[in-house]
file target_4.csv (CSV, C-alpha atoms)
chain,number,residue,atom,x,y,z
A,104,MET,CA,-66.4,239.1,-14.6
A,105,ALA,CA,-69.6,238.1,-16.3
A,106,GLU,CA,-72.3,240.7,-16.5
A,107,LYS,CA,-75.2,240.1,-14.1
A,108,ARG,CA,-78.5,239.0,-15.6
A,109,ASP,CA,-81.7,241.0,-14.9
A,110,TYR,CA,-83.3,239.6,-11.7
A,111,TYR,CA,-86.7,239.5,-13.4
A,112,GLU,CA,-85.2,237.4,-16.2
A,113,VAL,CA,-83.5,235.1,-13.7
A,114,LEU,CA,-86.8,234.3,-12.1
A,115,THR,CA,-88.7,234.3,-15.4
A,116,VAL,CA,-91.3,236.9,-14.1
A,117,THR,CA,-92.5,240.2,-15.3
A,118,ARG,CA,-91.6,243.5,-13.7
A,119,THR,CA,-95.1,243.8,-12.3
A,120,ALA,CA,-95.1,240.3,-10.7
A,121,THR,CA,-96.6,240.0,-7.3
A,122,GLU,CA,-94.7,238.6,-4.3
A,123,GLU,CA,-96.7,235.4,-4.6
A,124,GLU,CA,-95.7,235.1,-8.3
A,125,VAL,CA,-92.0,235.7,-7.4
A,126,LYS,CA,-92.1,233.1,-4.7
A,127,ARG,CA,-93.8,230.5,-6.9
A,128,ALA,CA,-91.2,231.0,-9.6
A,129,TYR,CA,-88.4,230.7,-7.1
A,130,ARG,CA,-89.8,227.5,-5.7
A,131,LYS,CA,-89.9,225.9,-9.1
A,132,LEU,CA,-86.4,227.0,-10.2
A,133,ALA,CA,-84.7,226.5,-6.9
A,134,VAL,CA,-85.7,222.8,-6.9
A,135,LYS,CA,-84.6,222.4,-10.5
A,136,PHE,CA,-81.1,223.9,-10.0
A,137,HIS,CA,-80.3,222.8,-6.4
A,138,PRO,CA,-76.7,221.6,-6.4
A,139,ASP,CA,-77.6,218.4,-4.6
A,140,LYS,CA,-80.0,217.6,-7.4
A,141,ASN,CA,-77.4,218.3,-10.1
A,142,PRO,CA,-74.1,216.7,-8.9
A,143,ASP,CA,-72.8,216.5,-12.4
A,144,ASP,CA,-73.6,220.0,-13.4
A,145,PRO,CA,-70.7,222.4,-12.6
A,146,HIS,CA,-73.0,225.4,-13.2
A,147,ALA,CA,-75.9,224.3,-11.0
A,148,GLU,CA,-74.5,226.0,-7.8
A,149,GLU,CA,-73.9,229.2,-9.7
A,150,LYS,CA,-77.5,229.2,-11.0
A,151,PHE,CA,-78.8,228.4,-7.6
A,152,LYS,CA,-76.9,231.3,-6.0
A,153,GLU,CA,-78.2,233.6,-8.8
A,154,LEU,CA,-81.8,232.6,-8.0
A,155,GLY,CA,-81.3,233.2,-4.3
A,156,GLU,CA,-79.9,236.7,-5.0
A,157,ALA,CA,-82.7,237.6,-7.3
A,158,TYR,CA,-85.3,236.4,-4.8
A,159,ASP,CA,-83.6,238.2,-2.0
A,160,VAL,CA,-84.0,241.5,-3.8
A,161,LEU,CA,-87.4,241.1,-5.4
A,162,MET,CA,-89.1,240.0,-2.3
A,163,ASP,CA,-87.9,243.0,-0.3
A,164,THR,CA,-90.0,246.2,-1.0
A,165,ASP,CA,-87.1,248.6,-0.4
A,166,LYS,CA,-84.5,246.6,-2.3
A,167,ARG,CA,-86.9,246.0,-5.2
A,168,ALA,CA,-87.7,249.7,-5.5
A,169,ALA,CA,-83.9,250.5,-5.5
A,170,TYR,CA,-83.3,247.9,-8.1
A,171,ASP,CA,-86.1,249.1,-10.3
A,172,ARG,CA,-84.6,252.6,-10.2
A,173,PHE,CA,-80.9,251.9,-10.4
A,174,GLY,CA,-80.5,248.3,-11.5
A,175,HIS,CA,-77.5,246.3,-10.2
A,176,ALA,CA,-75.7,249.6,-9.5
A,177,ALA,CA,-78.0,249.9,-6.4
A,178,PHE,CA,-76.1,247.0,-4.8
A,179,ALA,CA,-72.6,247.6,-6.3
A,180,GLN,CA,-71.1,247.6,-2.8
A,181,GLY,CA,-72.8,244.4,-1.8
A,182,THR,CA,-75.3,245.9,0.6
A,183,ALA,CA,-78.4,244.0,-0.4
A,184,GLY,CA,-78.7,241.8,2.6
A,185,ARG,CA,-78.7,242.5,6.4
A,186,GLY,CA,-75.2,242.8,7.7
A,187,GLY,CA,-73.7,244.1,4.5
A,188,GLY,CA,-74.3,241.4,1.9
A,189,PHE,CA,-76.8,239.1,0.1
A,190,HIS,CA,-78.3,236.4,2.2
A,191,ASP,CA,-76.9,232.9,1.9
A,192,PRO,CA,-78.8,231.1,-0.9
A,193,PHE,CA,-79.2,228.0,1.2
A,194,ASP,CA,-80.7,230.0,4.1
A,195,ILE,CA,-83.2,231.5,1.6
A,196,PHE,CA,-84.1,228.0,0.3
A,197,ARG,CA,-84.7,226.8,3.9
A,198,GLU,CA,-86.8,229.9,4.7
A,199,VAL,CA,-89.0,229.4,1.6
A,200,PHE,CA,-89.5,225.7,1.9
A,201,GLY,CA,-89.3,225.3,5.7
A,202,GLY,CA,-87.1,222.9,7.7
A,203,GLY,CA,-83.5,222.9,8.7
A,204,GLY,CA,-80.3,221.0,8.2
A,205,GLY,CA,-77.6,221.5,5.5
A,206,GLY,CA,-77.9,222.6,1.9
A,207,GLY,CA,-79.4,219.3,0.7
A,208,GLY,CA,-81.1,218.1,3.9
A,209,ILE,CA,-83.9,220.6,3.2
A,210,PHE,CA,-85.4,218.2,0.6
A,211,GLU,CA,-86.3,215.7,3.4
A,212,SER,CA,-88.6,218.2,5.2
A,213,PHE,CA,-90.0,219.9,2.1
A,214,PHE,CA,-90.8,217.0,-0.2
A,215,GLY,CA,-91.7,214.4,2.4
A,216,GLY,CA,-93.1,216.4,5.2
A,217,GLY,CA,-90.4,215.1,7.5
A,218,ALA,CA,-91.0,211.4,6.6
A,219,THR,CA,-88.1,209.0,6.5
A,220,ALA,CA,-86.9,207.6,3.2
A,221,ASP,CA,-86.3,203.8,2.8
A,222,ARG,CA,-83.1,202.3,1.4
A,223,GLU,CA,-84.4,202.8,-2.1
A,224,GLY,CA,-85.0,206.5,-1.5
A,225,ARG,CA,-88.8,206.1,-1.4
A,226,GLN,CA,-90.6,208.5,0.8
A,227,ARG,CA,-94.3,209.1,1.5
A,228,GLY,CA,-95.8,212.3,-0.1
A,229,SER,CA,-97.1,215.2,2.0
A,230,ASP,CA,-100.8,215.5,3.1
A,231,LEU,CA,-102.6,218.5,1.7
A,232,ARG,CA,-105.5,220.7,2.9
A,233,TYR,CA,-108.2,222.2,0.7
A,234,ASP,CA,-110.8,224.6,2.1
A,235,MET,CA,-114.2,224.2,0.4
A,236,GLN,CA,-117.3,226.5,0.8
A,237,ILE,CA,-120.7,225.0,0.2
A,238,THR,CA,-124.3,226.2,0.7
A,239,LEU,CA,-126.6,225.2,3.5
A,240,GLU,CA,-128.7,223.3,1.0
A,241,GLU,CA,-125.7,221.3,-0.2
A,242,ALA,CA,-124.8,220.6,3.4
A,243,ALA,CA,-128.3,219.5,4.3
A,244,PHE,CA,-128.9,217.1,1.3
A,245,GLY,CA,-125.3,216.2,0.3
A,246,VAL,CA,-123.7,217.0,-3.1
A,247,ASP,CA,-121.0,215.7,-5.5
A,248,LYS,CA,-118.2,218.2,-6.1
A,249,GLU,CA,-115.1,218.3,-8.4
A,250,ILE,CA,-112.2,220.4,-7.3
A,251,GLU,CA,-108.9,221.4,-8.9
A,252,VAL,CA,-105.7,221.0,-6.8
A,253,ARG,CA,-102.2,222.1,-7.9
A,254,LYS,CA,-99.9,219.6,-6.4
A,255,LEU,CA,-96.9,217.3,-7.1
A,256,ASP,CA,-97.9,214.2,-9.0
A,257,THR,CA,-95.9,211.2,-10.2
A,258,CYS,CA,-93.6,212.0,-13.0
A,259,ALA,CA,-94.9,210.4,-16.2
A,260,LYS,CA,-91.5,210.1,-17.8
A,261,CYS,CA,-89.8,208.0,-15.1
A,262,SER,CA,-93.0,206.6,-13.5
A,263,GLY,CA,-91.9,208.1,-10.2
A,264,LYS,CA,-88.6,206.4,-10.0
A,265,GLY,CA,-86.6,209.6,-10.5
A,266,ALA,CA,-84.1,208.0,-13.0
A,267,GLU,CA,-83.5,208.3,-16.7
A,268,PRO,CA,-84.3,205.0,-18.6
A,269,GLY,CA,-81.5,202.5,-18.1
A,270,SER,CA,-80.0,204.5,-15.2
A,271,ARG,CA,-78.9,202.6,-12.1
A,272,THR,CA,-78.4,203.5,-8.4
A,273,ILE,CA,-74.9,203.7,-7.1
A,274,ASN,CA,-73.3,204.2,-3.7
A,275,CYS,CA,-73.3,207.8,-2.6
A,276,PRO,CA,-69.8,209.1,-3.2
A,277,THR,CA,-70.1,211.6,-0.3
A,278,CYS,CA,-70.8,209.0,2.4
A,279,GLY,CA,-69.6,205.8,0.7
A,280,GLY,CA,-73.0,204.3,0.9
A,281,ARG,CA,-73.2,204.6,4.7
A,282,GLY,CA,-75.9,207.3,4.7
A,283,GLN,CA,-73.9,209.2,7.4
A,284,VAL,CA,-71.0,211.6,7.3
A,285,ILE,CA,-68.6,212.2,10.2
A,286,SER,CA,-67.1,215.6,10.9
A,287,SER,CA,-64.6,216.5,13.6
A,288,ARG,CA,-65.3,219.3,16.1
A,289,GLY,CA,-62.3,219.7,18.3
A,290,PHE,CA,-61.9,216.5,20.3
A,291,PHE,CA,-65.3,215.2,19.2
A,292,GLN,CA,-66.6,213.5,16.1
A,293,VAL,CA,-70.1,214.1,15.0
A,294,SER,CA,-72.1,211.8,12.8
A,295,GLN,CA,-74.8,213.5,10.6
A,296,THR,CA,-77.2,212.4,7.9
A,297,CYS,CA,-75.5,212.7,4.5
A,298,PRO,CA,-76.7,215.9,2.8
A,299,ARG,CA,-76.4,214.4,-0.7
A,300,CYS,CA,-78.3,211.1,-0.3
A,301,ARG,CA,-80.3,212.1,2.7
A,302,GLY,CA,-79.3,209.0,4.7
A,303,VAL,CA,-80.3,206.5,2.0
A,304,GLY,CA,-76.7,205.7,1.0
A,305,GLN,CA,-77.6,205.4,-2.7
A,306,ILE,CA,-78.0,208.0,-5.4
A,307,ILE,CA,-79.3,207.8,-8.9
A,308,GLU,CA,-76.6,207.7,-11.5
A,309,LYS,CA,-78.6,209.7,-14.1
A,310,PRO,CA,-81.6,211.6,-12.5
A,311,CYS,CA,-84.7,212.0,-14.7
A,312,LYS,CA,-84.5,215.3,-16.5
A,313,ALA,CA,-88.2,215.9,-16.3
A,314,CYS,CA,-88.4,215.8,-12.5
A,315,ALA,CA,-84.7,216.4,-11.6
A,316,GLY,CA,-84.6,212.9,-9.9
A,317,GLU,CA,-87.5,213.7,-7.6
A,318,GLY,CA,-90.0,211.3,-9.3
A,319,ARG,CA,-92.7,214.0,-9.3
A,320,VAL,CA,-93.7,217.1,-11.2
A,321,GLU,CA,-96.2,219.8,-10.4
A,322,ASN,CA,-99.6,219.3,-12.1
A,323,THR,CA,-103.2,220.4,-11.7
A,324,SER,CA,-105.4,217.5,-10.7
A,325,ARG,CA,-109.2,217.2,-10.8
A,326,ILE,CA,-110.6,215.3,-7.9
A,327,LYS,CA,-114.2,214.2,-7.3
A,328,LEU,CA,-115.6,214.4,-3.8
A,329,LYS,CA,-118.9,213.2,-2.3
A,330,ILE,CA,-120.1,215.6,0.4
A,331,PRO,CA,-122.4,213.6,2.8
A,332,ALA,CA,-125.9,214.9,3.7
A,333,GLY,CA,-125.9,216.6,7.2
A,334,ILE,CA,-122.2,217.6,7.2
A,335,ALA,CA,-121.4,220.3,9.7
A,336,ASP,CA,-119.4,223.5,9.3
A,337,GLY,CA,-115.7,222.8,10.0
A,338,SER,CA,-115.9,219.1,9.2
A,339,ARG,CA,-112.9,217.5,7.6
A,340,LEU,CA,-113.1,214.9,4.8
A,341,ARG,CA,-110.2,212.7,4.0
A,342,SER,CA,-109.6,211.8,0.3
A,343,SER,CA,-107.2,208.9,0.5
A,344,ALA,CA,-104.1,209.0,-1.7
A,345,ASN,CA,-105.0,212.4,-3.3
A,346,GLY,CA,-102.3,214.3,-1.6
A,347,GLU,CA,-98.8,214.8,-3.0
A,348,ALA,CA,-97.1,211.9,-4.8
A,349,GLY,CA,-94.3,210.2,-2.8
A,350,ILE,CA,-90.7,210.6,-3.6
A,351,ARG,CA,-89.2,208.0,-6.1
A,352,GLY,CA,-92.3,205.9,-6.0
A,353,GLY,CA,-93.2,206.3,-2.3
A,354,SER,CA,-96.8,206.1,-1.3
A,355,PRO,CA,-98.9,209.3,-1.8
A,356,GLY,CA,-100.2,211.5,1.0
A,357,ASP,CA,-103.9,212.2,1.6
A,358,LEU,CA,-106.0,215.2,0.8
A,359,TYR,CA,-108.0,216.7,3.7
A,360,VAL,CA,-111.0,218.9,2.7
A,361,VAL,CA,-112.3,221.3,5.3
A,362,ILE,CA,-115.9,222.3,4.9
A,363,HIS,CA,-117.1,225.9,5.4
A,364,ILE,CA,-120.9,226.5,5.1
A,365,LYS,CA,-122.0,229.8,3.7
A,366,GLU,CA,-124.3,232.0,5.9
A,367,HIS,CA,-127.9,231.6,4.7
A,368,GLU,CA,-130.2,234.6,4.2
A,369,ILE,CA,-133.2,232.9,5.9
A,370,PHE,CA,-132.1,230.0,8.1
A,371,GLN,CA,-129.8,229.5,11.0
A,372,ARG,CA,-128.6,226.1,11.8
A,373,GLU,CA,-127.9,224.5,15.2
A,374,ASP,CA,-126.9,220.9,15.1
A,375,ASP,CA,-129.7,219.2,13.0
A,376,ASN,CA,-132.3,221.9,13.6
A,377,LEU,CA,-133.0,224.9,11.5
A,378,TYR,CA,-134.4,228.2,12.8
A,379,CYS,CA,-136.0,231.1,11.0
A,380,GLU,CA,-138.1,234.2,11.8
A,381,VAL,CA,-141.4,234.8,9.9
A,382,PRO,CA,-143.1,238.2,10.1
A,383,ILE,CA,-146.9,238.3,10.2
A,384,SER,CA,-149.3,241.2,10.2
A,385,PHE,CA,-151.0,242.5,13.3
A,386,THR,CA,-154.4,241.5,12.0
A,387,MET,CA,-153.2,238.0,11.2
A,388,ALA,CA,-151.9,237.6,14.8
A,389,ALA,CA,-155.2,238.9,16.2
A,390,LEU,CA,-157.7,237.1,13.9
A,391,GLY,CA,-155.7,234.0,13.0
A,392,GLY,CA,-155.3,232.4,9.6
A,393,GLU,CA,-152.8,230.4,7.6
A,394,ILE,CA,-149.3,231.5,6.5
A,395,ALA,CA,-146.6,230.0,4.3
A,396,VAL,CA,-143.4,229.1,6.1
A,397,PRO,CA,-140.2,228.6,4.0
A,398,THR,CA,-138.3,225.3,4.2
A,399,LEU,CA,-135.3,223.9,2.4
A,400,GLU,CA,-137.6,222.0,0.2
A,401,GLY,CA,-140.1,224.7,-0.6
A,402,LYS,CA,-142.9,226.0,1.6
A,403,ALA,CA,-145.1,224.6,4.3
A,404,ASN,CA,-148.5,226.0,5.4
A,405,VAL,CA,-148.9,226.7,9.1
A,406,LYS,CA,-152.2,227.6,10.8
A,407,VAL,CA,-151.9,230.6,13.1
A,408,PRO,CA,-154.5,230.6,16.0
A,409,ALA,CA,-156.3,233.9,16.8
A,410,GLY,CA,-154.5,235.9,19.4
A,411,THR,CA,-151.0,234.6,18.6
A,412,GLN,CA,-148.4,236.7,20.4
A,413,SER,CA,-145.1,237.9,18.8
A,414,GLY,CA,-142.3,235.4,19.5
A,415,LYS,CA,-144.5,232.3,19.3
A,416,VAL,CA,-142.5,229.4,17.9
A,417,PHE,CA,-144.0,226.7,15.6
A,418,LYS,CA,-142.1,223.5,15.2
A,419,LEU,CA,-142.2,221.8,11.8
A,420,ARG,CA,-141.0,218.2,12.5
A,421,GLY,CA,-138.6,216.6,10.1
A,422,LYS,CA,-138.0,219.8,8.1
A,423,GLY,CA,-134.5,220.3,9.4
A,424,VAL,CA,-131.2,218.7,8.5
A,425,VAL,CA,-130.4,215.0,8.2
A,426,ASN,CA,-128.1,213.7,10.9
A,427,VAL,CA,-124.8,212.8,9.2
A,428,ASN,CA,-124.5,209.6,11.2
A,429,ALA,CA,-128.1,208.4,11.1
A,430,ARG,CA,-131.3,208.7,9.1
A,431,ASP,CA,-133.0,210.9,11.6
A,432,ARG,CA,-133.8,214.5,10.6
A,433,GLY,CA,-134.0,217.6,12.7
A,434,ASP,CA,-136.8,220.1,12.9
A,435,LEU,CA,-137.5,223.6,11.6
A,436,LEU,CA,-138.5,226.1,14.3
A,437,ALA,CA,-140.3,229.1,12.9
A,438,ARG,CA,-140.6,232.1,15.3
A,439,LEU,CA,-143.4,234.5,14.4
A,440,LEU,CA,-142.8,238.2,14.7
A,441,VAL,CA,-145.9,240.4,14.7
A,442,GLU,CA,-145.3,243.4,12.5
A,443,VAL,CA,-146.7,246.8,13.6
A,444,PRO,CA,-147.7,249.2,10.9
A,445,THR,CA,-145.3,252.2,10.7
A,446,ARG,CA,-147.6,254.5,8.7
A,447,LEU,CA,-151.4,254.9,9.0
A,448,ASN,CA,-153.8,257.0,7.0
A,449,SER,CA,-156.5,259.0,8.7
A,450,GLU,CA,-159.2,256.3,8.2
A,451,GLN,CA,-156.9,253.5,9.5
A,452,ARG,CA,-156.0,255.6,12.5
A,453,GLN,CA,-159.6,256.3,13.3
A,454,LYS,CA,-160.5,252.6,13.1
A,455,LEU,CA,-157.7,251.7,15.4
A,456,GLU,CA,-158.6,254.3,17.9
A,457,GLU,CA,-162.2,252.9,17.9
A,458,PHE,CA,-160.8,249.4,18.3
A,459,SER,CA,-158.6,250.6,21.2
A,460,ALA,CA,-161.6,252.1,22.9
A,461,LEU,CA,-163.5,248.9,22.6
A,462,CYS,CA,-160.7,246.8,24.1
A,463,GLY,CA,-160.8,246.2,27.8
A,464,GLU,CA,-158.1,244.9,30.1
A,465,GLU,CA,-159.4,241.4,29.5
A,466,ASN,CA,-158.0,241.6,26.0
A,467,THR,CA,-154.5,242.6,27.2
A,468,PRO,CA,-153.7,240.2,30.0
A,469,LEU,CA,-149.9,240.6,29.7
A,470,HIS,CA,-150.2,244.4,29.8
A,471,LYS,CA,-152.4,244.2,33.0
A,472,SER,CA,-150.2,241.6,34.7
A,473,PHE,CA,-147.0,243.7,34.0
A,474,PHE,CA,-148.4,246.9,35.4
A,475,ASP,CA,-149.9,245.2,38.4
A,476,ARG,CA,-146.4,244.0,39.3
A,477,ALA,CA,-144.8,247.4,38.4
A,478,LYS,CA,-147.1,249.6,40.5
A,479,GLU,CA,-144.5,250.2,43.3
A,480,PHE,CA,-142.1,251.7,40.7
A,481,PHE,CA,-144.6,254.4,39.8
A,482,ARG,CA,-145.2,255.7,43.3

call {"tool": "encode", "arguments": {"input": "target_4.csv", "output": "structure tokens"}}
result
Amino acid sequence: MAEKRDYYEVLTVTRTATEEEVKRAYRKLAVKFHPDKNPDDPHAEEKFKELGEAYDVLMDTDKRAAYDRFGHAAFAQGTAGRGGGFHDPFDIFREVFGGGGGGGGIFESFFGGGATADREGRQRGSDLRYDMQITLEEAAFGVDKEIEVRKLDTCAKCSGKGAEPGSRTINCPTCGGRGQVISSRGFFQVSQTCPRCRGVGQIIEKPCKACAGEGRVENTSRIKLKIPAGIADGSRLRSSANGEAGIRGGSPGDLYVVIHIKEHEIFQREDDNLYCEVPISFTMAALGGEIAVPTLEGKANVKVPAGTQSGKVFKLRGKGVVNVNARDRGDLLARLLVEVPTRLNSEQRQKLEEFSALCGEENTPLHKSFFDRAKEFFR
């Protein structure tokens, strides 16, 4: 019996690899060595099972700890999986990529997002989602962005056809070109999609070595996006044909970009309006004057009337956010907060006491009104 290879070597990862790194390595290699992708390679199934076994151990905390300590001897009795053995490699493949069906049918759900392939094996690529965070200023005025997306793109070697140069398509030997296989279950005969050709009825005689016949390879793509002015938090932008490439020349999917707007340190947004709170001094509120109010475009001067109360709201028209569907623009509503001094020196205290003595009830109408209404509670 051949000596088992080191599981880390099988998955081409280091001993300190994270679960995400292990999973990423498995996804890449499992597609490459899947038996249905390598019908002419007698060793493909053996390699595929080896990958599943390595993944089964390294993705389980307890199994991995035992393996790191004792090596393959930790599973000498075949106790790695639940129920007394390693998990089935095809079950692992289905679990990682999602979907159901037989050993090969999984490719239909993973690579095409459940789409149906045509008679040439072409299948639409999957749609992708990208979450983007932008500032309030970028959302208000719009911005051009460039993002990097790791995705499956058309194979440059075979131009997405999935075949080596000069190769041809032939009838699937498993189903005889029908796309269906029939199995007997007692008195019944059940027709199922052929696991080898996935219902197409044709297979490639010599799959492209660069993409294992898929017609696509994983690449990092740079995509330019135009974020419109006035876009709201949670909005979804569609970038046509920038999803994953289709199988064997199928049409590409779309990329959907979900917008998340960062919390601003000064402004809060509600629809197209902006809100902020501006502190002013007690003397400014009493005597009146002019203050600078921040806006997204700089500052605006606002005249404060004498006797302004805390909580007074000033509306600055057209200083809000542009409506994403029109040219109209919202307003900025600035709420003034009168700030009371927290520390007074002796001279300041003396002056305020003199001021308090000079103030009659006519200067505190809200105070007088409140206590007139609250008299019965003080009896």

call {"tool": "closest_atom_pairs", "arguments": {"input": "target_4.csv", "of": "range 433-459 of chain A", "to": "range 350-372 of chain A", "cutoff": "12 Å", "atoms": "all atoms listed in the file", "output": "JSON lines"}}
result
{"residue": "A:Gly433", "atom": "CA", "partner": "A:Arg372", "partner_atom": "CA", "distance": 10.1}
{"residue": "A:Asp434", "atom": "CA", "partner": "A:Arg372", "partner_atom": "CA", "distance": 10.2}
{"residue": "A:Leu435", "atom": "CA", "partner": "A:Phe370", "partner_atom": "CA", "distance": 9.1}
{"residue": "A:Leu436", "atom": "CA", "partner": "A:Phe370", "partner_atom": "CA", "distance": 9.7}
{"residue": "A:Ala437", "atom": "CA", "partner": "A:Phe370", "partner_atom": "CA", "distance": 9.5}
{"residue": "A:Arg438", "atom": "CA", "partner": "A:Phe370", "partner_atom": "CA", "distance": 11.3}

call {"tool": "residues_around", "arguments": {"input": "target_4.csv", "residues": "range 417-428 of chain A", "least_positions_apart": "3", "cutoff": "9 Å", "atoms": "only C-alpha atoms", "output": "PyMOL selection string"}}
result
chain A and resi 242-244+331-335+372+374-378+398-400+403+405+431-439

call {"tool": "atom_distance", "arguments": {"input": "target_4.csv", "atom1": "CA of Glu373 in chain A", "atom2": "CA of Leu340 in chain A"}}
result
20.5 Å

call {"tool": "atom_distance", "arguments": {"input": "target_4.csv", "atom1": "CA of Arg341 in chain A", "atom2": "CA of Val246 in chain A"}}
result
15.8 Å

call {"tool": "residues_around", "arguments": {"input": "target_4.csv", "residues": "range 265-274 of chain A", "least_positions_apart": "2", "cutoff": "8 Å", "atoms": "only C-alpha atoms", "output": "MDAnalysis selection string"}}
result
chainID A and resid 258 261:263 276 279:280 304:312 314:319 351

call {"tool": "write_last_selection", "arguments": {"input": "target_4.csv", "atoms": "C-alpha atoms", "output": "tab-separated table (two decimals), in the frame of the given file"}}
result
chain	number	residue	atom	x	y	z
A	258	CYS	CA	-93.60	212.00	-13.00
A	261	CYS	CA	-89.80	208.00	-15.10
A	262	SER	CA	-93.00	206.60	-13.50
A	263	GLY	CA	-91.90	208.10	-10.20
A	276	PRO	CA	-69.80	209.10	-3.20
A	279	GLY	CA	-69.60	205.80	0.70
A	280	GLY	CA	-73.00	204.30	0.90
A	304	GLY	CA	-76.70	205.70	1.00
A	305	GLN	CA	-77.60	205.40	-2.70
A	306	ILE	CA	-78.00	208.00	-5.40
A	307	ILE	CA	-79.30	207.80	-8.90
A	308	GLU	CA	-76.60	207.70	-11.50
A	309	LYS	CA	-78.60	209.70	-14.10
A	310	PRO	CA	-81.60	211.60	-12.50
A	311	CYS	CA	-84.70	212.00	-14.70
A	312	LYS	CA	-84.50	215.30	-16.50
A	314	CYS	CA	-88.40	215.80	-12.50
A	315	ALA	CA	-84.70	216.40	-11.60
A	316	GLY	CA	-84.60	212.90	-9.90
A	317	GLU	CA	-87.50	213.70	-7.60
A	318	GLY	CA	-90.00	211.30	-9.30
A	319	ARG	CA	-92.70	214.00	-9.30
A	351	ARG	CA	-89.20	208.00	-6.10

call {"tool": "residues_near_point", "arguments": {"input": "target_4.csv", "point": "(-86.5, 234.0, -6.8)", "cutoff": "9 Å", "atoms": "only C-alpha atoms", "output": "VMD selection string"}}
result
chain A and resid 110 to 111 113 to 115 125 to 130 132 to 133 153 to 162

call {"tool": "write_last_selection", "arguments": {"input": "target_4.csv", "atoms": "C-alpha atoms", "output": "PDB file, in the frame of the given file"}}
result
ATOM      1  CA  TYR A 110     -83.300 239.600 -11.700  1.00  0.00           C
ATOM      2  CA  TYR A 111     -86.700 239.500 -13.400  1.00  0.00           C
ATOM      3  CA  VAL A 113     -83.500 235.100 -13.700  1.00  0.00           C
ATOM      4  CA  LEU A 114     -86.800 234.300 -12.100  1.00  0.00           C
ATOM      5  CA  THR A 115     -88.700 234.300 -15.400  1.00  0.00           C
ATOM      6  CA  VAL A 125     -92.000 235.700  -7.400  1.00  0.00           C
ATOM      7  CA  LYS A 126     -92.100 233.100  -4.700  1.00  0.00           C
ATOM      8  CA  ARG A 127     -93.800 230.500  -6.900  1.00  0.00           C
ATOM      9  CA  ALA A 128     -91.200 231.000  -9.600  1.00  0.00           C
ATOM     10  CA  TYR A 129     -88.400 230.700  -7.100  1.00  0.00           C
ATOM     11  CA  ARG A 130     -89.800 227.500  -5.700  1.00  0.00           C
ATOM     12  CA  LEU A 132     -86.400 227.000 -10.200  1.00  0.00           C
ATOM     13  CA  ALA A 133     -84.700 226.500  -6.900  1.00  0.00           C
ATOM     14  CA  GLU A 153     -78.200 233.600  -8.800  1.00  0.00           C
ATOM     15  CA  LEU A 154     -81.800 232.600  -8.000  1.00  0.00           C
ATOM     16  CA  GLY A 155     -81.300 233.200  -4.300  1.00  0.00           C
ATOM     17  CA  GLU A 156     -79.900 236.700  -5.000  1.00  0.00           C
ATOM     18  CA  ALA A 157     -82.700 237.600  -7.300  1.00  0.00           C
ATOM     19  CA  TYR A 158     -85.300 236.400  -4.800  1.00  0.00           C
ATOM     20  CA  ASP A 159     -83.600 238.200  -2.000  1.00  0.00           C
ATOM     21  CA  VAL A 160     -84.000 241.500  -3.800  1.00  0.00           C
ATOM     22  CA  LEU A 161     -87.400 241.100  -5.400  1.00  0.00           C
ATOM     23  CA  MET A 162     -89.100 240.000  -2.300  1.00  0.00           C
TER      24      MET A 162
END

call {"tool": "atom_distance", "arguments": {"input": "target_4.csv", "atom1": "CA of Gln451 in chain A", "atom2": "CA of Gly392 in chain A"}}
result
21.2 Å

call {"tool": "closest_residue", "arguments": {"input": "target_4.csv", "among": "A:Ile285, A:Ile330, A:Ala147, A:Ala348", "to": "Lys264 in chain A", "atoms": "all atoms listed in the file"}}
result
A:Ala348

call {"tool": "closest_residue", "arguments": {"input": "target_4.csv", "among": "A:Asp109, A:Glu380, A:Ile326, A:Lys150", "to": "Pro138 in chain A", "atoms": "only C-alpha atoms"}}
result
A:Lys150

call {"tool": "residues_around", "arguments": {"input": "target_4.csv", "residues": "range 440-448 of chain A", "least_positions_apart": "4", "cutoff": "8 Å", "atoms": "all atoms listed in the file", "output": "PyMOL selection string"}}
result
chain A and resi 380-385+388+412-415+452

call {"tool": "closest_residue", "arguments": {"input": "target_4.csv", "among": "A:Lys166, A:Arg339, A:Lys260, A:Arg281", "to": "Val320 in chain A", "atoms": "all atoms listed in the file"}}
result
A:Lys260

call {"tool": "closest_residue", "arguments": {"input": "target_4.csv", "among": "A:Ala409, A:Asp336, A:Val396, A:Phe196", "to": "Thr238 in chain A", "atoms": "all atoms listed in the file"}}
result
A:Asp336

call {"tool": "decode", "arguments": {"input": "target_4.csv", "residues": "range 110-114 of chain A", "atoms": "N, CA and C atoms", "output": "PDB file, in the first residue's frame"}}
result
ATOM      1  N   TYR A 110      -1.298  15.773   4.555  1.00  0.00           N
ATOM      2  CA  TYR A 110      -2.532  16.453   4.180  1.00  0.00           C
ATOM      3  C   TYR A 110      -2.296  17.904   3.779  1.00  0.00           C
ATOM      4  N   TYR A 111      -1.363  18.570   4.431  1.00  0.00           N
ATOM      5  CA  TYR A 111      -1.061  19.960   4.077  1.00  0.00           C
ATOM      6  C   TYR A 111      -0.443  20.023   2.676  1.00  0.00           C
ATOM      7  N   GLU A 112       0.363  19.011   2.361  1.00  0.00           N
ATOM      8  CA  GLU A 112       0.980  18.943   1.033  1.00  0.00           C
ATOM      9  C   GLU A 112      -0.076  18.659  -0.031  1.00  0.00           C
ATOM     10  N   VAL A 113      -1.048  17.815   0.314  1.00  0.00           N
ATOM     11  CA  VAL A 113      -2.118  17.473  -0.624  1.00  0.00           C
ATOM     12  C   VAL A 113      -2.891  18.723  -1.044  1.00  0.00           C
ATOM     13  N   LEU A 114      -3.171  19.580  -0.072  1.00  0.00           N
ATOM     14  CA  LEU A 114      -3.948  20.786  -0.351  1.00  0.00           C
ATOM     15  C   LEU A 114      -3.074  21.997  -0.665  1.00  0.00           C
TER      16      LEU A 114
END
